[in-house]
Amino acid sequence: MGDELMQQGQARVAVIGAGPSGLYAAAALLASGEPVSVEVLDRLPAPYGLVRYGVAPDHVKMKSVIRVLQKPFDPAHVEFLGGVRVGDGGIPLDVVREHFHAVVHATGSSVDRHLGVPGEDLAGSLGSGAFVSWYCGHPDRVELQPVLDRPGVAVVGAGNVALDVARVLAKTADEMAETDVPEPVLSALRDSAVRDVHVLIRRGPQHVRFTPAELRQIGELHNADVVVHDDGLLAEGVEEPEDRRQRQNLDMLREWAARGTTGKPRRIHLRFLRSPVRLVGVDGRVSAVVVERNKIDADGRVVATGEEETFDAGLVVRAIGYDGEPIEGLPFDARTGTVPNDGGRVMRDGEQVPGAYVTGWIKRGPTGVIGTNKSDASETVEAILADLPGLPMPAHPEPEAFRAALASYGIRPVDWTGWLRLDAEEVRRGGLRGAERVKVADLADMLEAAHGARTS
């Protein structure tokens, strides 16, 4: 590192975002052995981002990655500062930059993509990001309160998120009570009138890329049958995919198609070769979805047939992917939904923005699984460590100066000890319900618990 930096003793790095991408970056910085201090900032009082608020509540095994993500904080080699909003309504990014040699943006991609069909703006038409955040207890979605008072629901998508949504809606409230869903969500699921969940999939059964483990779960539900609607493709025989997981999926779908229904109270309909073309509403709310049937032509392309079907649906959830949001003060590529970068270095008009870095979805787009963020973060950290000797010294490198700056913007951060208090409150609530934990979803309640006041 440069002489000036070596005289100071430690480089200061801020990681904005306490999800997997940010925490893998923090861990990689720590593991480098370089004299670097790391502070992880998140606008919420709780860490873990997508693992906490995007992984389905009943996917306990997947959530176990938290044990890996928390390691930099315990013991406290890396500092957590929750409840810190950077940008609009919080501390400006330019002010943050005055206190750190490098700032790593790990804010993900949280904007639901749109179908682009008429009626999409009706009440009861939601993106999966919003719906999943609601049942995962994200404080931004406490007020969402989707109405589940009609038998039909449509879920648009051919990925694991679509299956998550369908599975949660098909399970009994007693099954969901064993998870960490907040009490208001559990109450809504207990009162649910949903009986038929229609998963609308544009392509054929030989093309789906669900993970076999995720697909298998919906076939093992106690409360719901799986009904396969494939226009006879499976019976006619389809070309075996080269991908092993796709072949496993195809075997399961064949089994379910042959088995038929068993009289369970709910049904998940896998409707292949169907694309929504418009949503129909009554009194401003979704009441049905109109789909067009597709076929696969000789070249393997999906071709619309012009034949339409209508399914009753009081709720339509689109699970067709996500886009990133622009970060104030950084360049943004609206086409890819990412911040332009070279190996994690933020680039503006072909020139590197000194001290600015990205990792995770905001760097590469919403692709990959949780573990993908580890190698992605390593690449960004390598760039940071290579650049540190040449980075300008921050105007206010003392840790106390940054705390003072936060206070000047009315921010009282939640440190790791505060998160552990909130964590203990959630575990306490879980004990009352017979679950491992029950999430505190209201932001004010989260802050009260984190700062030492029990909420209820």
# chains A, B, ... in the order shown; residues from 1 in each chain; ligands from 1
>>> residues_around(residues="segment 274-286 of chain A", least_positions_apart="2", cutoff="7 Å", atoms="only C-alpha atoms", output="PyMOL selection string")
chain A and resi 117-120+122-125+200-202+271-272+288-294+313-315
>>> select_by_dssp(residues="segment 57-165 of chain A", states="strand (DSSP E)", output="list in words")
Glu79, Phe80, Leu81, Gly82, Ala102, Val103, Val104, His105, Val111, Asp112, Ser125, Leu126, Gly127, Gly152, Val153, Ala154, Val155 and Val156 of chain A
>>> write_last_selection(atoms="N, CA and C atoms", output="mmCIF file, in the first residue's frame")
data_model
loop_
_atom_site.group_PDB
_atom_site.id
_atom_site.type_symbol
_atom_site.label_atom_id
_atom_site.label_comp_id
_atom_site.auth_asym_id
_atom_site.auth_seq_id
_atom_site.Cartn_x
_atom_site.Cartn_y
_atom_site.Cartn_z
ATOM 1 N N GLU A 79 -17.669 -4.206 11.566
ATOM 2 C CA GLU A 79 -18.717 -3.497 12.302
ATOM 3 C C GLU A 79 -19.998 -3.424 11.473
ATOM 4 N N PHE A 80 -21.112 -3.691 12.116
ATOM 5 C CA PHE A 80 -22.429 -3.582 11.483
ATOM 6 C C PHE A 80 -23.088 -2.295 11.947
ATOM 7 N N LEU A 81 -23.587 -1.530 10.993
ATOM 8 C CA LEU A 81 -24.330 -0.308 11.295
ATOM 9 C C LEU A 81 -25.655 -0.373 10.549
ATOM 10 N N GLY A 82 -26.681 -0.873 11.236
ATOM 11 C CA GLY A 82 -28.004 -0.978 10.631
ATOM 12 C C GLY A 82 -28.819 0.278 10.861
ATOM 13 N N ALA A 102 -12.671 3.504 0.345
ATOM 14 C CA ALA A 102 -13.437 2.815 -0.696
ATOM 15 C C ALA A 102 -14.841 2.547 -0.196
ATOM 16 N N VAL A 103 -15.794 2.613 -1.100
ATOM 17 C CA VAL A 103 -17.196 2.316 -0.787
ATOM 18 C C VAL A 103 -17.673 1.243 -1.761
ATOM 19 N N VAL A 104 -18.152 0.133 -1.202
ATOM 20 C CA VAL A 104 -18.649 -0.984 -2.006
ATOM 21 C C VAL A 104 -20.170 -0.978 -1.956
ATOM 22 N N HIS A 105 -20.791 -0.898 -3.101
ATOM 23 C CA HIS A 105 -22.247 -0.903 -3.181
ATOM 24 C C HIS A 105 -22.730 -2.322 -3.450
ATOM 25 N N VAL A 111 -36.369 -4.219 -8.011
ATOM 26 C CA VAL A 111 -37.540 -3.727 -8.741
ATOM 27 C C VAL A 111 -38.139 -4.856 -9.575
ATOM 28 N N ASP A 112 -39.413 -5.160 -9.365
ATOM 29 C CA ASP A 112 -40.082 -6.214 -10.127
ATOM 30 C C ASP A 112 -40.283 -5.801 -11.581
ATOM 31 N N SER A 125 -52.680 -6.991 -8.596
ATOM 32 C CA SER A 125 -51.604 -7.375 -9.512
ATOM 33 C C SER A 125 -50.297 -6.943 -8.875
ATOM 34 N N LEU A 126 -49.452 -7.918 -8.534
ATOM 35 C CA LEU A 126 -48.239 -7.642 -7.766
ATOM 36 C C LEU A 126 -47.028 -8.296 -8.401
ATOM 37 N N GLY A 127 -45.868 -7.726 -8.139
ATOM 38 C CA GLY A 127 -44.629 -8.391 -8.477
ATOM 39 C C GLY A 127 -44.258 -9.374 -7.383
ATOM 40 N N GLY A 152 -59.167 -18.381 -6.880
ATOM 41 C CA GLY A 152 -58.133 -18.462 -7.898
ATOM 42 C C GLY A 152 -57.012 -17.455 -7.718
ATOM 43 N N VAL A 153 -55.772 -17.900 -7.952
ATOM 44 C CA VAL A 153 -54.586 -17.046 -7.992
ATOM 45 C C VAL A 153 -53.783 -17.446 -9.214
ATOM 46 N N ALA A 154 -53.205 -16.478 -9.904
ATOM 47 C CA ALA A 154 -52.306 -16.767 -11.030
ATOM 48 C C ALA A 154 -50.897 -16.310 -10.672
ATOM 49 N N VAL A 155 -49.929 -17.164 -10.930
ATOM 50 C CA VAL A 155 -48.515 -16.837 -10.744
ATOM 51 C C VAL A 155 -47.836 -16.987 -12.095
ATOM 52 N N VAL A 156 -47.215 -15.919 -12.583
ATOM 53 C CA VAL A 156 -46.604 -15.926 -13.900
ATOM 54 C C VAL A 156 -45.097 -16.106 -13.747
#
>>> residues_around(residues="Leu69 of chain A", least_positions_apart="5", cutoff="10 Å", atoms="only C-alpha atoms", output="list in words")
Ala18, Gly19, Pro20, Ser21, Gly22, Leu23, Tyr24, Ala26, Ala27, Pro47, Tyr48, Val51 and Ser64 of chain A
>>> write_last_selection(atoms="N, CA and C atoms", output="compact mmCIF listing (two decimals), in the first residue's frame")
# COMPACT_ATOMS: atom_id res chain seq x y z
N ALA A 18 -26.16 -5.28 3.59
CA ALA A 18 -25.77 -6.40 4.47
C ALA A 18 -26.38 -7.71 4.02
N GLY A 19 -26.62 -7.85 2.72
CA GLY A 19 -27.06 -9.12 2.18
C GLY A 19 -25.86 -10.00 1.86
N PRO A 20 -26.11 -11.14 1.21
CA PRO A 20 -25.00 -12.06 0.91
C PRO A 20 -23.85 -11.42 0.15
N SER A 21 -24.15 -10.61 -0.86
CA SER A 21 -23.07 -10.02 -1.66
C SER A 21 -22.20 -9.10 -0.81
N GLY A 22 -22.82 -8.27 0.01
CA GLY A 22 -22.06 -7.37 0.86
C GLY A 22 -21.27 -8.10 1.93
N LEU A 23 -21.87 -9.12 2.54
CA LEU A 23 -21.20 -9.84 3.62
C LEU A 23 -20.09 -10.73 3.10
N TYR A 24 -20.24 -11.29 1.91
CA TYR A 24 -19.13 -12.03 1.31
C TYR A 24 -17.97 -11.08 1.02
N ALA A 26 -17.27 -8.32 2.71
CA ALA A 26 -16.68 -8.00 4.01
C ALA A 26 -15.78 -9.13 4.47
N ALA A 27 -16.25 -10.37 4.31
CA ALA A 27 -15.46 -11.53 4.73
C ALA A 27 -14.17 -11.64 3.91
N PRO A 47 -29.46 -7.63 9.53
CA PRO A 47 -28.60 -8.01 8.41
C PRO A 47 -29.21 -9.15 7.59
N TYR A 48 -28.48 -9.58 6.58
CA TYR A 48 -28.69 -10.78 5.76
C TYR A 48 -29.54 -10.57 4.52
N VAL A 51 -31.34 -13.28 2.07
CA VAL A 51 -31.53 -14.53 2.81
C VAL A 51 -32.66 -14.37 3.82
N SER A 64 -29.74 -21.54 6.42
CA SER A 64 -28.62 -21.87 7.28
C SER A 64 -27.33 -21.21 6.83
>>> residues_around(residues="Gly129 of chain A", least_positions_apart="5", cutoff="12 Å", atoms="only C-alpha atoms", output="PyMOL selection string")
chain A and resi 50+53-56+109-114+134-136+138+140-141+144+161-162+164-165+317-323
>>> select_by_dssp(residues="segment 99-220 of chain A", states="helix (DSSP H, G or I)", output="PyMOL selection string")
chain A and resi 128-135+139-141+160-170+173-177+183-190+212-218
>>> residues_around(residues="segment 402-410 of chain A", least_positions_apart="4", cutoff="7 Å", atoms="only C-alpha atoms", output="compact mmCIF listing (two decimals) with N, CA and C atoms, in the first residue's frame")
# COMPACT_ATOMS: atom_id res chain seq x y z
N GLY A 90 -31.54 9.98 3.83
CA GLY A 90 -30.55 9.56 4.82
C GLY A 90 -29.29 10.37 4.70
N ILE A 91 -28.14 9.74 4.92
CA ILE A 91 -26.88 10.42 4.79
C ILE A 91 -26.44 10.38 3.33
N HIS A 99 -15.44 9.73 4.47
CA HIS A 99 -14.98 9.00 5.66
C HIS A 99 -14.32 7.66 5.33
>>> closest_atom_pairs(of="segment 354-426 of chain A", to="segment 440-451 of chain A", cutoff="12 Å", atoms="only C-alpha atoms", output="CSV")
residue,atom,partner,partner_atom,distance
A:Ile411,CA,A:Leu447,CA,11.7
A:Arg412,CA,A:His451,CA,9.4
A:Pro413,CA,A:His451,CA,9.4
A:Val414,CA,A:Ala450,CA,6.6
A:Asp415,CA,A:Ala450,CA,8.5
A:Trp416,CA,A:Ala450,CA,9.2
A:Thr417,CA,A:Ala450,CA,8.0
A:Gly418,CA,A:Ala450,CA,4.3
A:Trp419,CA,A:Ala450,CA,5.6
A:Leu420,CA,A:Ala450,CA,7.4
A:Arg421,CA,A:Ala450,CA,5.2
A:Leu422,CA,A:Ala450,CA,4.7
A:Asp423,CA,A:Ala450,CA,8.3
A:Ala424,CA,A:Ala449,CA,8.9
A:Glu425,CA,A:Ala449,CA,6.8
A:Glu426,CA,A:Val440,CA,6.3
>>> closest_residue(among="A:Ala213, A:Val316, A:Leu44, A:Ala106", to="Gly157 of chain A", atoms="only C-alpha atoms")
A:Val316
>>> atom_distance(atom1="atom CA of Leu186 of chain A", atom2="atom CA of Leu215 of chain A")
23.7 Å
>>> closest_residue(among="A:Gly83, A:Pro397, A:Gly452, A:Gly344", to="Val13 of chain A", atoms="only C-alpha atoms")
A:Pro397
>>> residues_around(residues="Ala386 of chain A", least_positions_apart="3", cutoff="12 Å", atoms="only C-alpha atoms", output="PDB file with N, CA and C atoms, in the first residue's frame")
ATOM      1  N   MET A   1       0.834  -1.191   0.000  1.00  0.00           N
ATOM      2  CA  MET A   1       0.000   0.000   0.000  1.00  0.00           C
ATOM      3  C   MET A   1       0.878   1.254   0.000  1.00  0.00           C
ATOM      4  N   GLY A   2       0.303   2.385  -0.386  1.00  0.00           N
ATOM      5  CA  GLY A   2       1.059   3.616  -0.488  1.00  0.00           C
ATOM      6  C   GLY A   2       1.563   4.102   0.849  1.00  0.00           C
ATOM      7  N   LEU A  29     -12.520  -9.172   2.469  1.00  0.00           N
ATOM      8  CA  LEU A  29     -11.614  -8.117   2.919  1.00  0.00           C
ATOM      9  C   LEU A  29     -10.914  -8.523   4.209  1.00  0.00           C
ATOM     10  N   SER A  32      -8.219 -11.168   3.716  1.00  0.00           N
ATOM     11  CA  SER A  32      -7.057 -10.773   2.918  1.00  0.00           C
ATOM     12  C   SER A  32      -5.807 -10.583   3.771  1.00  0.00           C
ATOM     13  N   GLU A  34      -4.853  -7.868   4.928  1.00  0.00           N
ATOM     14  CA  GLU A  34      -4.402  -6.485   4.775  1.00  0.00           C
ATOM     15  C   GLU A  34      -4.949  -5.627   5.918  1.00  0.00           C
ATOM     16  N   ALA A 102     -12.671   3.504   0.345  1.00  0.00           N
ATOM     17  CA  ALA A 102     -13.437   2.815  -0.696  1.00  0.00           C
ATOM     18  C   ALA A 102     -14.841   2.547  -0.196  1.00  0.00           C
ATOM     19  N   GLY A 343     -14.909  -5.456 -13.506  1.00  0.00           N
ATOM     20  CA  GLY A 343     -14.457  -6.307 -12.419  1.00  0.00           C
ATOM     21  C   GLY A 343     -14.802  -5.774 -11.044  1.00  0.00           C
ATOM     22  N   GLY A 344     -15.869  -4.979 -10.974  1.00  0.00           N
ATOM     23  CA  GLY A 344     -16.293  -4.395  -9.701  1.00  0.00           C
ATOM     24  C   GLY A 344     -15.928  -2.938  -9.555  1.00  0.00           C
ATOM     25  N   ARG A 345     -15.011  -2.426 -10.371  1.00  0.00           N
ATOM     26  CA  ARG A 345     -14.664  -1.004 -10.345  1.00  0.00           C
ATOM     27  C   ARG A 345     -15.735  -0.218 -11.090  1.00  0.00           C
ATOM     28  N   GLY A 355     -12.468   4.969  -5.823  1.00  0.00           N
ATOM     29  CA  GLY A 355     -13.024   4.577  -4.537  1.00  0.00           C
ATOM     30  C   GLY A 355     -14.419   4.007  -4.585  1.00  0.00           C
ATOM     31  N   GLU A 379     -13.793 -11.110  -6.587  1.00  0.00           N
ATOM     32  CA  GLU A 379     -13.269 -10.325  -7.702  1.00  0.00           C
ATOM     33  C   GLU A 379     -13.234  -8.846  -7.357  1.00  0.00           C
ATOM     34  N   THR A 380     -14.326  -8.348  -6.774  1.00  0.00           N
ATOM     35  CA  THR A 380     -14.385  -6.935  -6.404  1.00  0.00           C
ATOM     36  C   THR A 380     -13.346  -6.600  -5.344  1.00  0.00           C
ATOM     37  N   VAL A 381     -13.189  -7.465  -4.358  1.00  0.00           N
ATOM     38  CA  VAL A 381     -12.211  -7.216  -3.285  1.00  0.00           C
ATOM     39  C   VAL A 381     -10.798  -7.208  -3.834  1.00  0.00           C
ATOM     40  N   GLU A 382     -10.494  -8.078  -4.777  1.00  0.00           N
ATOM     41  CA  GLU A 382      -9.173  -8.056  -5.409  1.00  0.00           C
ATOM     42  C   GLU A 382      -8.911  -6.699  -6.056  1.00  0.00           C
ATOM     43  N   ALA A 383      -9.938  -6.146  -6.689  1.00  0.00           N
ATOM     44  CA  ALA A 383      -9.787  -4.828  -7.312  1.00  0.00           C
ATOM     45  C   ALA A 383      -9.547  -3.748  -6.257  1.00  0.00           C
ATOM     46  N   PRO A 389      -3.493   1.498  -2.684  1.00  0.00           N
ATOM     47  CA  PRO A 389      -2.331   2.393  -2.583  1.00  0.00           C
ATOM     48  C   PRO A 389      -2.504   3.707  -3.334  1.00  0.00           C
ATOM     49  N   GLY A 390      -3.323   3.710  -4.381  1.00  0.00           N
ATOM     50  CA  GLY A 390      -3.481   4.915  -5.174  1.00  0.00           C
ATOM     51  C   GLY A 390      -4.728   5.714  -4.876  1.00  0.00           C
ATOM     52  N   LEU A 391      -5.539   5.239  -3.943  1.00  0.00           N
ATOM     53  CA  LEU A 391      -6.784   5.944  -3.647  1.00  0.00           C
ATOM     54  C   LEU A 391      -6.520   7.167  -2.777  1.00  0.00           C
TER      55      LEU A 391
END
